[in-house]
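Below is the file protein-v8.pdb, which contains PDB, C-alpha atoms.
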```
ATOM      1  CA  MET A 988    -175.784-133.371 -11.546
ATOM      2  CA  THR A 989    -175.195-129.954 -13.057
ATOM      3  CA  VAL A 990    -171.645-128.707 -13.340
ATOM      4  CA  GLN A 991    -170.108-125.253 -13.250
ATOM      5  CA  LEU A 992    -168.881-124.241 -16.681
ATOM      6  CA  THR A 993    -166.679-121.380 -17.734
ATOM      7  CA  ASP A 994    -168.032-118.909 -20.265
ATOM      8  CA  LEU A 995    -165.626-120.353 -22.827
ATOM      9  CA  ASP A 996    -166.886-123.913 -22.170
ATOM     10  CA  ARG A 997    -170.436-122.733 -22.764
ATOM     11  CA  ARG A 998    -169.559-121.047 -26.022
ATOM     12  CA  LEU A 999    -167.645-124.109 -27.122
ATOM     13  CA  ILE A1000    -170.449-126.557 -26.259
ATOM     14  CA  ASN A1001    -172.983-124.354 -28.030
ATOM     15  CA  ARG A1002    -170.778-123.949 -31.093
ATOM     16  CA  LEU A1003    -170.091-127.702 -31.339
ATOM     17  CA  GLN A1004    -173.811-128.344 -31.758
ATOM     18  CA  ASP A1005    -173.498-126.710 -35.173
ATOM     19  CA  ASP A1006    -171.762-128.213 -38.142
ATOM     20  CA  LEU A1007    -167.957-128.049 -38.416
ATOM     21  CA  PRO A1008    -166.341-127.614 -41.840
ATOM     22  CA  LEU A1009    -164.921-130.650 -43.662
ATOM     23  CA  VAL A1010    -161.378-129.329 -43.881
ATOM     24  CA  PRO A1011    -157.989-130.736 -42.778
ATOM     25  CA  HIS A1012    -157.845-128.441 -39.707
ATOM     26  CA  PRO A1013    -161.464-128.219 -38.502
ATOM     27  CA  PHE A1014    -160.488-126.806 -35.085
ATOM     28  CA  ALA A1015    -158.344-123.971 -36.382
ATOM     29  CA  SER A1016    -161.231-121.797 -37.603
ATOM     30  CA  LEU A1017    -163.171-122.610 -34.454
ATOM     31  CA  GLY A1018    -160.166-121.420 -32.454
ATOM     32  CA  GLU A1019    -160.128-118.157 -34.380
ATOM     33  CA  GLU A1020    -163.814-117.604 -33.591
ATOM     34  CA  LEU A1021    -163.236-118.191 -29.884
ATOM     35  CA  GLY A1022    -159.799-116.606 -29.605
ATOM     36  CA  LEU A1023    -157.900-119.821 -28.863
ATOM     37  CA  THR A1024    -155.131-121.733 -30.559
ATOM     38  CA  GLU A1025    -155.924-124.952 -32.375
ATOM     39  CA  GLU A1026    -154.094-126.948 -29.692
ATOM     40  CA  ASN A1027    -156.040-125.248 -26.905
ATOM     41  CA  ILE A1028    -159.357-125.947 -28.603
ATOM     42  CA  VAL A1029    -158.518-129.623 -29.077
ATOM     43  CA  ASP A1030    -157.420-129.952 -25.428
ATOM     44  CA  ARG A1031    -160.551-128.199 -24.205
ATOM     45  CA  ILE A1032    -162.890-130.411 -26.264
ATOM     46  CA  ARG A1033    -161.040-133.501 -25.033
ATOM     47  CA  GLN A1034    -161.474-132.302 -21.440
ATOM     48  CA  LEU A1035    -165.207-131.691 -21.957
ATOM     49  CA  ARG A1036    -165.529-135.182 -23.408
ATOM     50  CA  ASP A1037    -163.491-136.779 -20.599
ATOM     51  CA  ASP A1038    -165.656-134.916 -18.052
ATOM     52  CA  GLY A1039    -168.738-136.397 -19.714
ATOM     53  CA  LEU A1040    -170.185-133.053 -20.855
ATOM     54  CA  LEU A1041    -169.873-134.045 -24.491
ATOM     55  CA  THR A1042    -170.828-137.616 -25.288
ATOM     56  CA  ARG A1043    -169.036-137.855 -28.589
ATOM     57  CA  PHE A1044    -167.257-135.783 -31.206
ATOM     58  CA  GLY A1045    -167.483-136.784 -34.859
ATOM     59  CA  PRO A1046    -169.906-137.316 -37.726
ATOM     60  CA  PHE A1047    -173.584-137.872 -36.898
ATOM     61  CA  PHE A1048    -175.160-140.385 -39.214
ATOM     62  CA  ASP A1049    -178.742-140.767 -40.320
ATOM     63  CA  ALA A1050    -179.341-144.296 -39.098
ATOM     64  CA  GLU A1051    -181.891-145.098 -41.814
ATOM     65  CA  ALA A1052    -179.636-143.798 -44.555
ATOM     66  CA  LEU A1053    -177.140-146.432 -43.407
ATOM     67  CA  GLY A1054    -179.616-149.049 -44.557
ATOM     68  CA  GLY A1055    -181.163-150.083 -41.274
ATOM     69  CA  ALA A1056    -184.833-150.077 -40.374
ATOM     70  CA  PHE A1057    -186.366-148.753 -37.159
ATOM     71  CA  CYS A1058    -189.769-148.915 -35.578
ATOM     72  CA  LEU A1059    -191.216-147.639 -32.333
ATOM     73  CA  CYS A1060    -193.391-150.288 -30.677
ATOM     74  CA  ALA A1061    -195.578-150.373 -27.594
ATOM     75  CA  MET A1062    -197.176-153.030 -25.435
ATOM     76  CA  SER A1063    -199.667-153.045 -22.620
ATOM     77  CA  VAL A1064    -198.074-155.362 -20.062
ATOM     78  CA  PRO A1065    -199.956-156.546 -16.965
ATOM     79  CA  GLU A1066    -198.093-155.423 -13.815
ATOM     80  CA  ASP A1067    -197.748-158.934 -12.412
ATOM     81  CA  ARG A1068    -196.105-160.149 -15.630
ATOM     82  CA  PHE A1069    -193.918-157.132 -16.233
ATOM     83  CA  GLU A1070    -190.513-158.598 -15.310
ATOM     84  CA  ASP A1071    -191.170-161.851 -17.157
ATOM     85  CA  VAL A1072    -192.295-160.012 -20.310
ATOM     86  CA  LEU A1073    -189.365-157.611 -20.029
ATOM     87  CA  THR A1074    -186.893-160.502 -20.010
ATOM     88  CA  LYS A1075    -188.527-161.993 -23.108
ATOM     89  CA  VAL A1076    -188.632-158.685 -24.991
ATOM     90  CA  ASN A1077    -185.083-157.623 -24.141
ATOM     91  CA  ALA A1078    -183.763-161.053 -25.139
ATOM     92  CA  HIS A1079    -184.234-159.932 -28.754
ATOM     93  CA  ALA A1080    -181.057-158.251 -29.996
ATOM     94  CA  GLU A1081    -183.243-156.131 -32.303
ATOM     95  CA  VAL A1082    -184.620-154.266 -29.251
ATOM     96  CA  ALA A1083    -182.349-151.194 -29.149
ATOM     97  CA  HIS A1084    -184.043-149.100 -26.453
ATOM     98  CA  ASN A1085    -186.814-149.982 -24.085
ATOM     99  CA  TYR A1086    -188.575-147.664 -21.636
ATOM    100  CA  GLU A1087    -191.252-148.180 -19.033
ATOM    101  CA  ARG A1088    -193.786-145.344 -19.279
ATOM    102  CA  ASP A1089    -196.698-144.246 -17.120
ATOM    103  CA  HIS A1090    -199.560-145.171 -19.439
ATOM    104  CA  GLU A1091    -201.861-148.099 -20.199
ATOM    105  CA  LEU A1092    -199.292-148.825 -22.932
ATOM    106  CA  ASN A1093    -196.495-149.158 -20.398
ATOM    107  CA  MET A1094    -193.627-150.663 -22.405
ATOM    108  CA  TRP A1095    -192.175-148.671 -25.332
ATOM    109  CA  PHE A1096    -189.263-149.994 -27.323
ATOM    110  CA  VAL A1097    -187.470-149.360 -30.599
ATOM    111  CA  LEU A1098    -186.713-152.238 -32.959
ATOM    112  CA  ALA A1099    -183.595-151.743 -35.071
ATOM    113  CA  THR A1100    -182.928-154.234 -37.859
ATOM    114  CA  GLU A1101    -180.685-154.365 -40.908
ATOM    115  CA  GLN A1102    -183.599-155.211 -43.218
ATOM    116  CA  ARG A1103    -187.051-153.625 -43.231
ATOM    117  CA  GLY A1104    -188.803-156.988 -43.370
ATOM    118  CA  ASP A1105    -187.173-158.032 -40.108
ATOM    119  CA  ILE A1106    -189.207-155.447 -38.165
ATOM    120  CA  MET A1107    -192.493-157.302 -38.680
ATOM    121  CA  ARG A1108    -190.875-160.701 -38.117
ATOM    122  CA  THR A1109    -189.356-159.570 -34.801
ATOM    123  CA  ALA A1110    -192.647-158.020 -33.659
ATOM    124  CA  LYS A1111    -194.423-161.302 -34.419
ATOM    125  CA  ASP A1112    -191.733-163.238 -32.536
ATOM    126  CA  ILE A1113    -192.235-161.005 -29.491
ATOM    127  CA  GLU A1114    -196.005-161.487 -29.673
ATOM    128  CA  HIS A1115    -195.437-165.248 -29.854
ATOM    129  CA  ASP A1116    -193.000-165.212 -26.908
ATOM    130  CA  THR A1117    -195.162-163.057 -24.653
ATOM    131  CA  GLY A1118    -198.738-163.725 -25.785
ATOM    132  CA  LEU A1119    -199.258-159.944 -25.880
ATOM    133  CA  GLU A1120    -200.045-157.651 -28.774
ATOM    134  CA  VAL A1121    -197.238-155.452 -30.125
ATOM    135  CA  LEU A1122    -198.449-152.139 -31.545
ATOM    136  CA  LEU A1123    -196.247-150.712 -34.301
ATOM    137  CA  PHE A1124    -195.699-146.983 -34.683
ATOM    138  CA  PRO A1125    -193.494-146.638 -37.773
ATOM    139  CA  LYS A1126    -192.577-143.053 -38.529
ATOM    140  CA  LYS A1127    -194.580-141.610 -41.402
ATOM    141  CA  ARG A1128    -192.636-138.404 -41.400
ATOM    142  CA  GLU A1129    -189.716-137.033 -39.425
ATOM    143  CA  PHE A1130    -189.671-133.314 -38.716
ATOM    144  CA  PHE A1131    -186.406-131.408 -38.562
ATOM    145  CA  VAL A1132    -185.562-130.743 -34.932
ATOM    146  CA  GLY A1133    -183.983-127.543 -33.671
ATOM    147  CA  PHE A1134    -182.984-129.016 -30.310
ATOM    148  CA  ARG A1135    -180.102-127.292 -28.585
ATOM    149  CA  VAL A1136    -178.843-127.486 -25.063
ATOM    150  CA  ASP A1137    -178.090-123.961 -23.960
ATOM    151  CA  ALA A1138    -174.951-124.641 -21.983
TER     152      ALA A1138
ATOM    153  CA  MET B 457    -179.614-147.931 -49.955
ATOM    154  CA  THR B 458    -176.394-149.832 -50.504
ATOM    155  CA  LEU B 459    -173.167-148.309 -49.371
ATOM    156  CA  ASP B 460    -169.931-148.382 -51.256
ATOM    157  CA  PRO B 461    -167.462-150.620 -49.298
ATOM    158  CA  LYS B 462    -165.107-147.667 -48.757
ATOM    159  CA  ASP B 463    -167.940-145.507 -47.431
ATOM    160  CA  ARG B 464    -168.962-148.344 -45.167
ATOM    161  CA  ALA B 465    -165.396-148.595 -43.850
ATOM    162  CA  ILE B 466    -165.422-144.826 -43.216
ATOM    163  CA  ILE B 467    -168.643-145.101 -41.234
ATOM    164  CA  GLU B 468    -167.350-148.046 -39.210
ATOM    165  CA  ALA B 469    -164.119-146.150 -38.479
ATOM    166  CA  THR B 470    -165.848-142.941 -37.352
ATOM    167  CA  GLN B 471    -169.112-143.948 -35.726
ATOM    168  CA  ALA B 472    -167.500-144.100 -32.288
ATOM    169  CA  GLY B 473    -166.116-140.601 -32.885
ATOM    170  CA  LEU B 474    -163.141-138.819 -34.427
ATOM    171  CA  PRO B 475    -159.776-138.629 -32.666
ATOM    172  CA  LEU B 476    -159.333-135.307 -30.872
ATOM    173  CA  VAL B 477    -156.183-134.143 -32.584
ATOM    174  CA  PRO B 478    -155.543-131.097 -34.821
ATOM    175  CA  GLN B 479    -155.935-133.188 -38.014
ATOM    176  CA  PRO B 480    -158.527-135.845 -37.150
ATOM    177  CA  PHE B 481    -159.343-136.695 -40.772
ATOM    178  CA  ALA B 482    -155.687-137.359 -41.604
ATOM    179  CA  VAL B 483    -155.479-139.884 -38.746
ATOM    180  CA  VAL B 484    -158.632-141.725 -39.840
ATOM    181  CA  ALA B 485    -157.545-141.675 -43.505
ATOM    182  CA  GLU B 486    -154.240-143.291 -42.574
ATOM    183  CA  THR B 487    -155.945-146.157 -40.729
ATOM    184  CA  LEU B 488    -158.158-146.705 -43.802
ATOM    185  CA  GLY B 489    -155.279-146.524 -46.272
ATOM    186  CA  ILE B 490    -156.735-143.587 -48.206
ATOM    187  CA  THR B 491    -155.678-139.958 -48.481
ATOM    188  CA  GLU B 492    -157.058-137.229 -46.257
ATOM    189  CA  ALA B 493    -158.444-135.519 -49.388
ATOM    190  CA  GLU B 494    -160.361-138.646 -50.442
ATOM    191  CA  LEU B 495    -161.806-139.051 -46.942
ATOM    192  CA  LEU B 496    -162.973-135.415 -46.895
ATOM    193  CA  ASP B 497    -164.484-135.770 -50.386
ATOM    194  CA  ARG B 498    -166.321-138.938 -49.414
ATOM    195  CA  LEU B 499    -167.637-137.422 -46.181
ATOM    196  CA  ASP B 500    -168.800-134.416 -48.149
ATOM    197  CA  ALA B 501    -170.642-136.681 -50.615
ATOM    198  CA  LEU B 502    -172.211-138.638 -47.728
ATOM    199  CA  LYS B 503    -173.369-135.341 -46.273
ATOM    200  CA  LYS B 504    -174.995-134.322 -49.556
ATOM    201  CA  GLN B 505    -176.795-137.703 -49.614
ATOM    202  CA  GLY B 506    -178.042-137.134 -46.075
ATOM    203  CA  VAL B 507    -176.112-140.091 -44.628
ATOM    204  CA  VAL B 508    -173.984-137.693 -42.577
ATOM    205  CA  ARG B 509    -176.123-135.065 -40.873
ATOM    206  CA  ARG B 510    -173.351-132.949 -39.405
ATOM    207  CA  ILE B 511    -169.872-133.051 -37.922
ATOM    208  CA  GLY B 512    -169.852-131.897 -34.339
ATOM    209  CA  ALA B 513    -170.434-132.951 -30.780
ATOM    210  CA  ALA B 514    -173.428-134.144 -28.815
ATOM    211  CA  PRO B 515    -173.792-132.480 -25.421
ATOM    212  CA  ASN B 516    -174.689-134.747 -22.544
ATOM    213  CA  HIS B 517    -177.932-133.021 -21.694
ATOM    214  CA  TYR B 518    -178.244-134.859 -18.372
ATOM    215  CA  ARG B 519    -174.899-133.433 -17.175
ATOM    216  CA  LEU B 520    -176.009-129.982 -18.359
ATOM    217  CA  GLY B 521    -179.109-130.144 -16.174
ATOM    218  CA  MET B 522    -181.718-131.331 -18.692
ATOM    219  CA  THR B 523    -182.696-134.327 -16.592
ATOM    220  CA  ALA B 524    -186.427-134.651 -17.311
ATOM    221  CA  ASN B 525    -188.138-135.686 -20.514
ATOM    222  CA  GLY B 526    -191.599-136.676 -21.578
ATOM    223  CA  MET B 527    -193.009-138.124 -24.777
ATOM    224  CA  SER B 528    -195.796-135.705 -25.688
ATOM    225  CA  VAL B 529    -198.375-137.123 -28.081
ATOM    226  CA  TRP B 530    -201.113-135.279 -29.950
ATOM    227  CA  ASP B 531    -204.216-136.010 -32.000
ATOM    228  CA  VAL B 532    -203.814-133.448 -34.776
ATOM    229  CA  ASP B 533    -206.045-132.840 -37.797
ATOM    230  CA  ASP B 534    -204.520-134.861 -40.668
ATOM    231  CA  THR B 535    -204.758-131.953 -43.092
ATOM    232  CA  VAL B 536    -202.431-129.737 -41.042
ATOM    233  CA  VAL B 537    -200.312-132.203 -39.044
ATOM    234  CA  ASP B 538    -197.301-131.909 -41.376
ATOM    235  CA  SER B 539    -197.120-128.126 -41.313
ATOM    236  CA  LEU B 540    -197.635-128.058 -37.539
ATOM    237  CA  GLY B 541    -195.052-130.832 -37.097
ATOM    238  CA  GLU B 542    -192.440-128.583 -38.712
ATOM    239  CA  ILE B 543    -193.221-125.851 -36.193
ATOM    240  CA  ILE B 544    -193.167-128.166 -33.170
ATOM    241  CA  GLY B 545    -189.925-129.863 -34.294
ATOM    242  CA  ALA B 546    -188.183-126.494 -34.584
ATOM    243  CA  LEU B 547    -188.723-125.749 -30.866
ATOM    244  CA  PRO B 548    -185.348-125.778 -29.079
ATOM    245  CA  PHE B 549    -186.534-128.212 -26.369
ATOM    246  CA  VAL B 550    -187.846-130.918 -28.733
ATOM    247  CA  THR B 551    -185.328-133.696 -29.544
ATOM    248  CA  HIS B 552    -187.478-135.903 -31.757
ATOM    249  CA  CYS B 553    -190.636-135.065 -33.661
ATOM    250  CA  TYR B 554    -192.493-137.575 -35.811
ATOM    251  CA  ARG B 555    -195.839-138.167 -37.455
ATOM    252  CA  ARG B 556    -196.889-141.761 -36.781
ATOM    253  CA  PRO B 557    -200.025-143.774 -37.553
ATOM    254  CA  ARG B 558    -202.933-143.901 -35.138
ATOM    255  CA  VAL B 559    -203.886-147.341 -33.837
ATOM    256  CA  LEU B 560    -207.604-146.956 -33.178
ATOM    257  CA  PRO B 561    -209.334-147.387 -30.837
ATOM    258  CA  VAL B 562    -206.453-147.733 -28.367
ATOM    259  CA  TRP B 563    -204.228-144.940 -29.668
ATOM    260  CA  ARG B 564    -205.614-141.773 -31.234
ATOM    261  CA  TYR B 565    -202.381-139.725 -31.363
ATOM    262  CA  ASN B 566    -200.555-139.056 -34.651
ATOM    263  CA  LEU B 567    -197.892-136.514 -33.638
ATOM    264  CA  PHE B 568    -195.079-137.428 -31.232
ATOM    265  CA  ALA B 569    -192.700-134.809 -29.793
ATOM    266  CA  MET B 570    -190.053-135.635 -27.166
ATOM    267  CA  VAL B 571    -189.835-132.696 -24.756
ATOM    268  CA  HIS B 572    -186.798-132.068 -22.522
ATOM    269  CA  GLY B 573    -186.364-129.832 -19.482
ATOM    270  CA  SER B 574    -184.617-129.468 -16.149
ATOM    271  CA  SER B 575    -187.606-130.833 -14.211
ATOM    272  CA  ARG B 576    -190.949-132.510 -14.784
ATOM    273  CA  GLY B 577    -192.603-129.159 -14.029
ATOM    274  CA  GLU B 578    -190.575-127.441 -16.716
ATOM    275  CA  VAL B 579    -191.424-130.231 -19.187
ATOM    276  CA  LEU B 580    -195.123-129.700 -18.441
ATOM    277  CA  VAL B 581    -194.798-125.940 -19.057
ATOM    278  CA  LYS B 582    -193.130-126.706 -22.390
ATOM    279  CA  ARG B 583    -195.862-129.246 -23.169
ATOM    280  CA  ASP B 584    -198.368-126.401 -22.698
ATOM    281  CA  LYS B 585    -196.383-124.310 -25.160
ATOM    282  CA  VAL B 586    -196.739-127.120 -27.720
ATOM    283  CA  ALA B 587    -200.486-127.290 -27.012
ATOM    284  CA  ASP B 588    -200.789-123.523 -27.601
ATOM    285  CA  LEU B 589    -199.008-123.789 -30.947
ATOM    286  CA  LEU B 590    -201.235-126.692 -32.064
ATOM    287  CA  GLY B 591    -204.337-124.767 -31.030
ATOM    288  CA  GLY B 592    -207.695-125.838 -32.403
ATOM    289  CA  ALA B 593    -206.169-128.319 -34.863
ATOM    290  CA  CYS B 594    -205.448-130.592 -31.916
ATOM    291  CA  GLN B 595    -208.302-132.666 -30.452
ATOM    292  CA  ALA B 596    -206.418-134.219 -27.541
ATOM    293  CA  GLY B 597    -202.966-134.686 -26.096
ATOM    294  CA  ASP B 598    -201.136-136.685 -23.469
ATOM    295  CA  ILE B 599    -197.629-136.911 -22.072
ATOM    296  CA  LEU B 600    -195.867-140.134 -21.143
ATOM    297  CA  PHE B 601    -192.987-139.852 -18.706
ATOM    298  CA  SER B 602    -190.482-142.646 -18.622
ATOM    299  CA  THR B 603    -190.372-144.325 -15.238
ATOM    300  CA  ARG B 604    -187.486-146.699 -15.982
ATOM    301  CA  ILE B 605    -184.908-147.320 -18.691
ATOM    302  CA  LEU B 606    -185.326-151.017 -19.450
ATOM    303  CA  LYS B 607    -182.664-151.282 -22.149
ATOM    304  CA  LYS B 608    -180.393-148.868 -23.942
ATOM    305  CA  THR B 609    -178.023-150.156 -26.573
ATOM    306  CA  GLY B 610    -176.101-147.720 -28.737
ATOM    307  CA  MET B 611    -176.999-148.014 -32.407
ATOM    308  CA  ARG B 612    -174.042-149.320 -34.293
ATOM    309  CA  LEU B 613    -173.651-150.366 -37.874
ATOM    310  CA  ALA B 614    -173.035-154.089 -37.662
ATOM    311  CA  ALA B 615    -169.809-155.293 -39.197
ATOM    312  CA  LYS B 616    -170.463-156.546 -42.713
ATOM    313  CA  ARG B 617    -171.210-160.239 -42.647
ATOM    314  CA  GLY B 618    -169.761-162.842 -44.915
TER     315      GLY B 618
END
```
Would you mind giving the structure from this file in C-alpha cells?
Amino acid sequence: MTVQLTDLDRRLINRLQDDLPLVPHPFASLGEELGLTEENIVDRIRQLRDDGLLTRFGPFFDAEALGGAFCLCAMSVPEDRFEDVLTKVNAHAEVAHNYERDHELNMWFVLATEQRGDIMRTAKDIEHDTGLEVLLFPKKREFFVGFRVDA
Amino acid sequence: MTLDPKDRAIIEATQAGLPLVPQPFAVVAETLGITEAELLDRLDALKKQGVVRRIGAAPNHYRLGMTANGMSVWDVDDTVVDSLGEIIGALPFVTHCYRRPRVLPVWRYNLFAMVHGSSRGEVLVKRDKVADLLGGACQAGDILFSTRILKKTGMRLAAKRG
C-alpha cells in the first residue's frame, strides 16, 4: 500500500538515508536544512516511524564486522517434499531468512552464525536432516550499493 | 574481530534503534553509565573501523511502493566481474550486490544483484538495464522472483554468553 506523503516528509525520508553527524544534537542541523525546529523534526521522524514508513532510526551495523558469519545457501527441493523439508530447515536457529524462489533451486536461505566454522557444520546438519544437497554461495566480494528509495 | 565489552554494550543498546529525542546519544550514554562524549567517540571509532556504516533511518520500501524484487544473477567474465560489480551496485534500485562462487554444472552465475521496483514489470525493465551495462562480458543471466517468504528473523547480536 502506497501512502500520500507531504513534500516535507519526502525530503526528510530522502535525507535520512544519508549519514547524520555524530554530535549531541543530530536533529538540529537537519532542522536547519529543512526549515524546522529540532522538536518538530524529532516529532516528524517519530510519526514516520510510527506510521511504518521508516523501519528504524539509529546506527546501521556491518553484520560481519560484529563477528558473525553469513552464507547464502540454496537447495533444490522436490515439490511433494517441500513443506516437510521447510520444517526441517527452518528448525535451525541459524537460518535467518528463507525464501521460496521460482527456479530449479527453489529454496534460498541465509545462515547466520557467531563463528565461521558453524556455517559448514549447520549446512551439513541440514543435508543430514533432509537428505538433500545444500549449495553454499559465500560472498567473495561485496559491492557498495547506492540504493535509495525516492520517497 | 573481537569487540571491546563497552563497544559490545553500545551495539546491544542501539541495534534496535536510537530513542527519538533531541539528544538521543545522551539518553543511551546514561543507560550505559558512560558520558555522551565517550559514546560519540566510540561510535565514531566504530564507524572508522567499518562496524557502523551510517547513522540514519531505513525507509520501509514496501510502504513507499517498492513492492517487487527479484534476485538477478549473471555469468560475468572473471577478469572484469569486480569492476562491473561496482557499477551495478551503484545503481539506485540495487539493494545488494555480491560476487559469489559458481557451482558448476548446476549454477553458472557469479554476480548477484537484488533489484527492486514497484512491479514485476518494472523490475524486469531494470534487469534489462543491468544486462545493458554488463554487455558482452556477460554470457548469461537469469532472475529469480521470490514466491513466498518462508522465514524472516531480524539479525541481532546475541547477548554475550557465559
Quiz item: Quick one: which residues from chain A are at most 7 Å off chain B, using all atoms listed in the file, as a PyMOL selection string?
Solution: chain A and resi 988-990+1000+1003-1007+1009-1012+1014+1025-1026+1029+1033+1039-1049+1052-1054+1083-1090+1124-1136+1138
May I have the residues from that selection written out with C-alpha atoms, as a compact mmCIF listing (two decimals), keeping the file's coordinate frame?
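Produced file out_7.txt, reproduced below:
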```txt
# COMPACT_ATOMS: atom_id res chain seq x y z
CA MET A 988 -175.78 -133.37 -11.55
CA THR A 989 -175.20 -129.95 -13.06
CA VAL A 990 -171.64 -128.71 -13.34
CA ILE A 1000 -170.45 -126.56 -26.26
CA LEU A 1003 -170.09 -127.70 -31.34
CA GLN A 1004 -173.81 -128.34 -31.76
CA ASP A 1005 -173.50 -126.71 -35.17
CA ASP A 1006 -171.76 -128.21 -38.14
CA LEU A 1007 -167.96 -128.05 -38.42
CA LEU A 1009 -164.92 -130.65 -43.66
CA VAL A 1010 -161.38 -129.33 -43.88
CA PRO A 1011 -157.99 -130.74 -42.78
CA HIS A 1012 -157.84 -128.44 -39.71
CA PHE A 1014 -160.49 -126.81 -35.08
CA GLU A 1025 -155.92 -124.95 -32.38
CA GLU A 1026 -154.09 -126.95 -29.69
CA VAL A 1029 -158.52 -129.62 -29.08
CA ARG A 1033 -161.04 -133.50 -25.03
CA GLY A 1039 -168.74 -136.40 -19.71
CA LEU A 1040 -170.18 -133.05 -20.86
CA LEU A 1041 -169.87 -134.04 -24.49
CA THR A 1042 -170.83 -137.62 -25.29
CA ARG A 1043 -169.04 -137.85 -28.59
CA PHE A 1044 -167.26 -135.78 -31.21
CA GLY A 1045 -167.48 -136.78 -34.86
CA PRO A 1046 -169.91 -137.32 -37.73
CA PHE A 1047 -173.58 -137.87 -36.90
CA PHE A 1048 -175.16 -140.38 -39.21
CA ASP A 1049 -178.74 -140.77 -40.32
CA ALA A 1052 -179.64 -143.80 -44.56
CA LEU A 1053 -177.14 -146.43 -43.41
CA GLY A 1054 -179.62 -149.05 -44.56
CA ALA A 1083 -182.35 -151.19 -29.15
CA HIS A 1084 -184.04 -149.10 -26.45
CA ASN A 1085 -186.81 -149.98 -24.08
CA TYR A 1086 -188.58 -147.66 -21.64
CA GLU A 1087 -191.25 -148.18 -19.03
CA ARG A 1088 -193.79 -145.34 -19.28
CA ASP A 1089 -196.70 -144.25 -17.12
CA HIS A 1090 -199.56 -145.17 -19.44
CA PHE A 1124 -195.70 -146.98 -34.68
CA PRO A 1125 -193.49 -146.64 -37.77
CA LYS A 1126 -192.58 -143.05 -38.53
CA LYS A 1127 -194.58 -141.61 -41.40
CA ARG A 1128 -192.64 -138.40 -41.40
CA GLU A 1129 -189.72 -137.03 -39.42
CA PHE A 1130 -189.67 -133.31 -38.72
CA PHE A 1131 -186.41 -131.41 -38.56
CA VAL A 1132 -185.56 -130.74 -34.93
CA GLY A 1133 -183.98 -127.54 -33.67
CA PHE A 1134 -182.98 -129.02 -30.31
CA ARG A 1135 -180.10 -127.29 -28.58
CA VAL A 1136 -178.84 -127.49 -25.06
CA ALA A 1138 -174.95 -124.64 -21.98
```
Exercise. Name the residues that the PyMOL selection byres ((chain A and resi 1098) around 10) pulls out of this structure, and write them as a ChimeraX atom specification.
Key: /A:1056-1060,1079-1085,1096-1097,1099-1100,1105-1107,1109-1110,1123
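Going from atom CA of Lys1075 of chain A to atom CA of Ile1113 of chain A covers 7.4 Å.
Picture a line from atom CA of Val484 of chain B to atom CA of Ala1015 of chain A; it runs 18.1 Å.
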Exercise. One decimal, Å: what's the distance from atom CA of Asp1038 of chain A over to atom CA of Glu468 of chain B, could you say?
Key: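 We find that atom CA of Asp1038 of chain A and atom CA of Glu468 of chain B lie 25.0 Å from each other.
Between Leu999 of chain A and the residues A:Val1064, A:Ile1032, A:Leu1119, A:Met1094, the shortest atom-to-atom distance, using all atoms listed in the file, involves A:Ile1032.
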Quiz prompt | B:Thr535, B:Ser528, B:Thr487, B:Ser575 ranked by distance to Gly597 of chain B, top pick (using all atoms listed in the file) | solution = B:Ser528
Is it possible to get the axis-aligned box enclosing segment 579-593 of chain B (all listed atoms, 6 Å extra per side) as lines of an AutoDock Vina configuration file, with centre and edge lengths in Å rounded to one decimal?
```
center_x = -199.6
center_y = -126.9
center_z = -26.7
size_x = 28.3
size_y = 18.7
size_z = 28.4
```
Self-check item: Ground truth for the PyMOL selection byres ((chain A and resi 1070-1072) around 12), written as a ChimeraX atom specification
Solution: /A:1062-1069,1073-1079,1087,1093-1094,1113-1121 /B:606
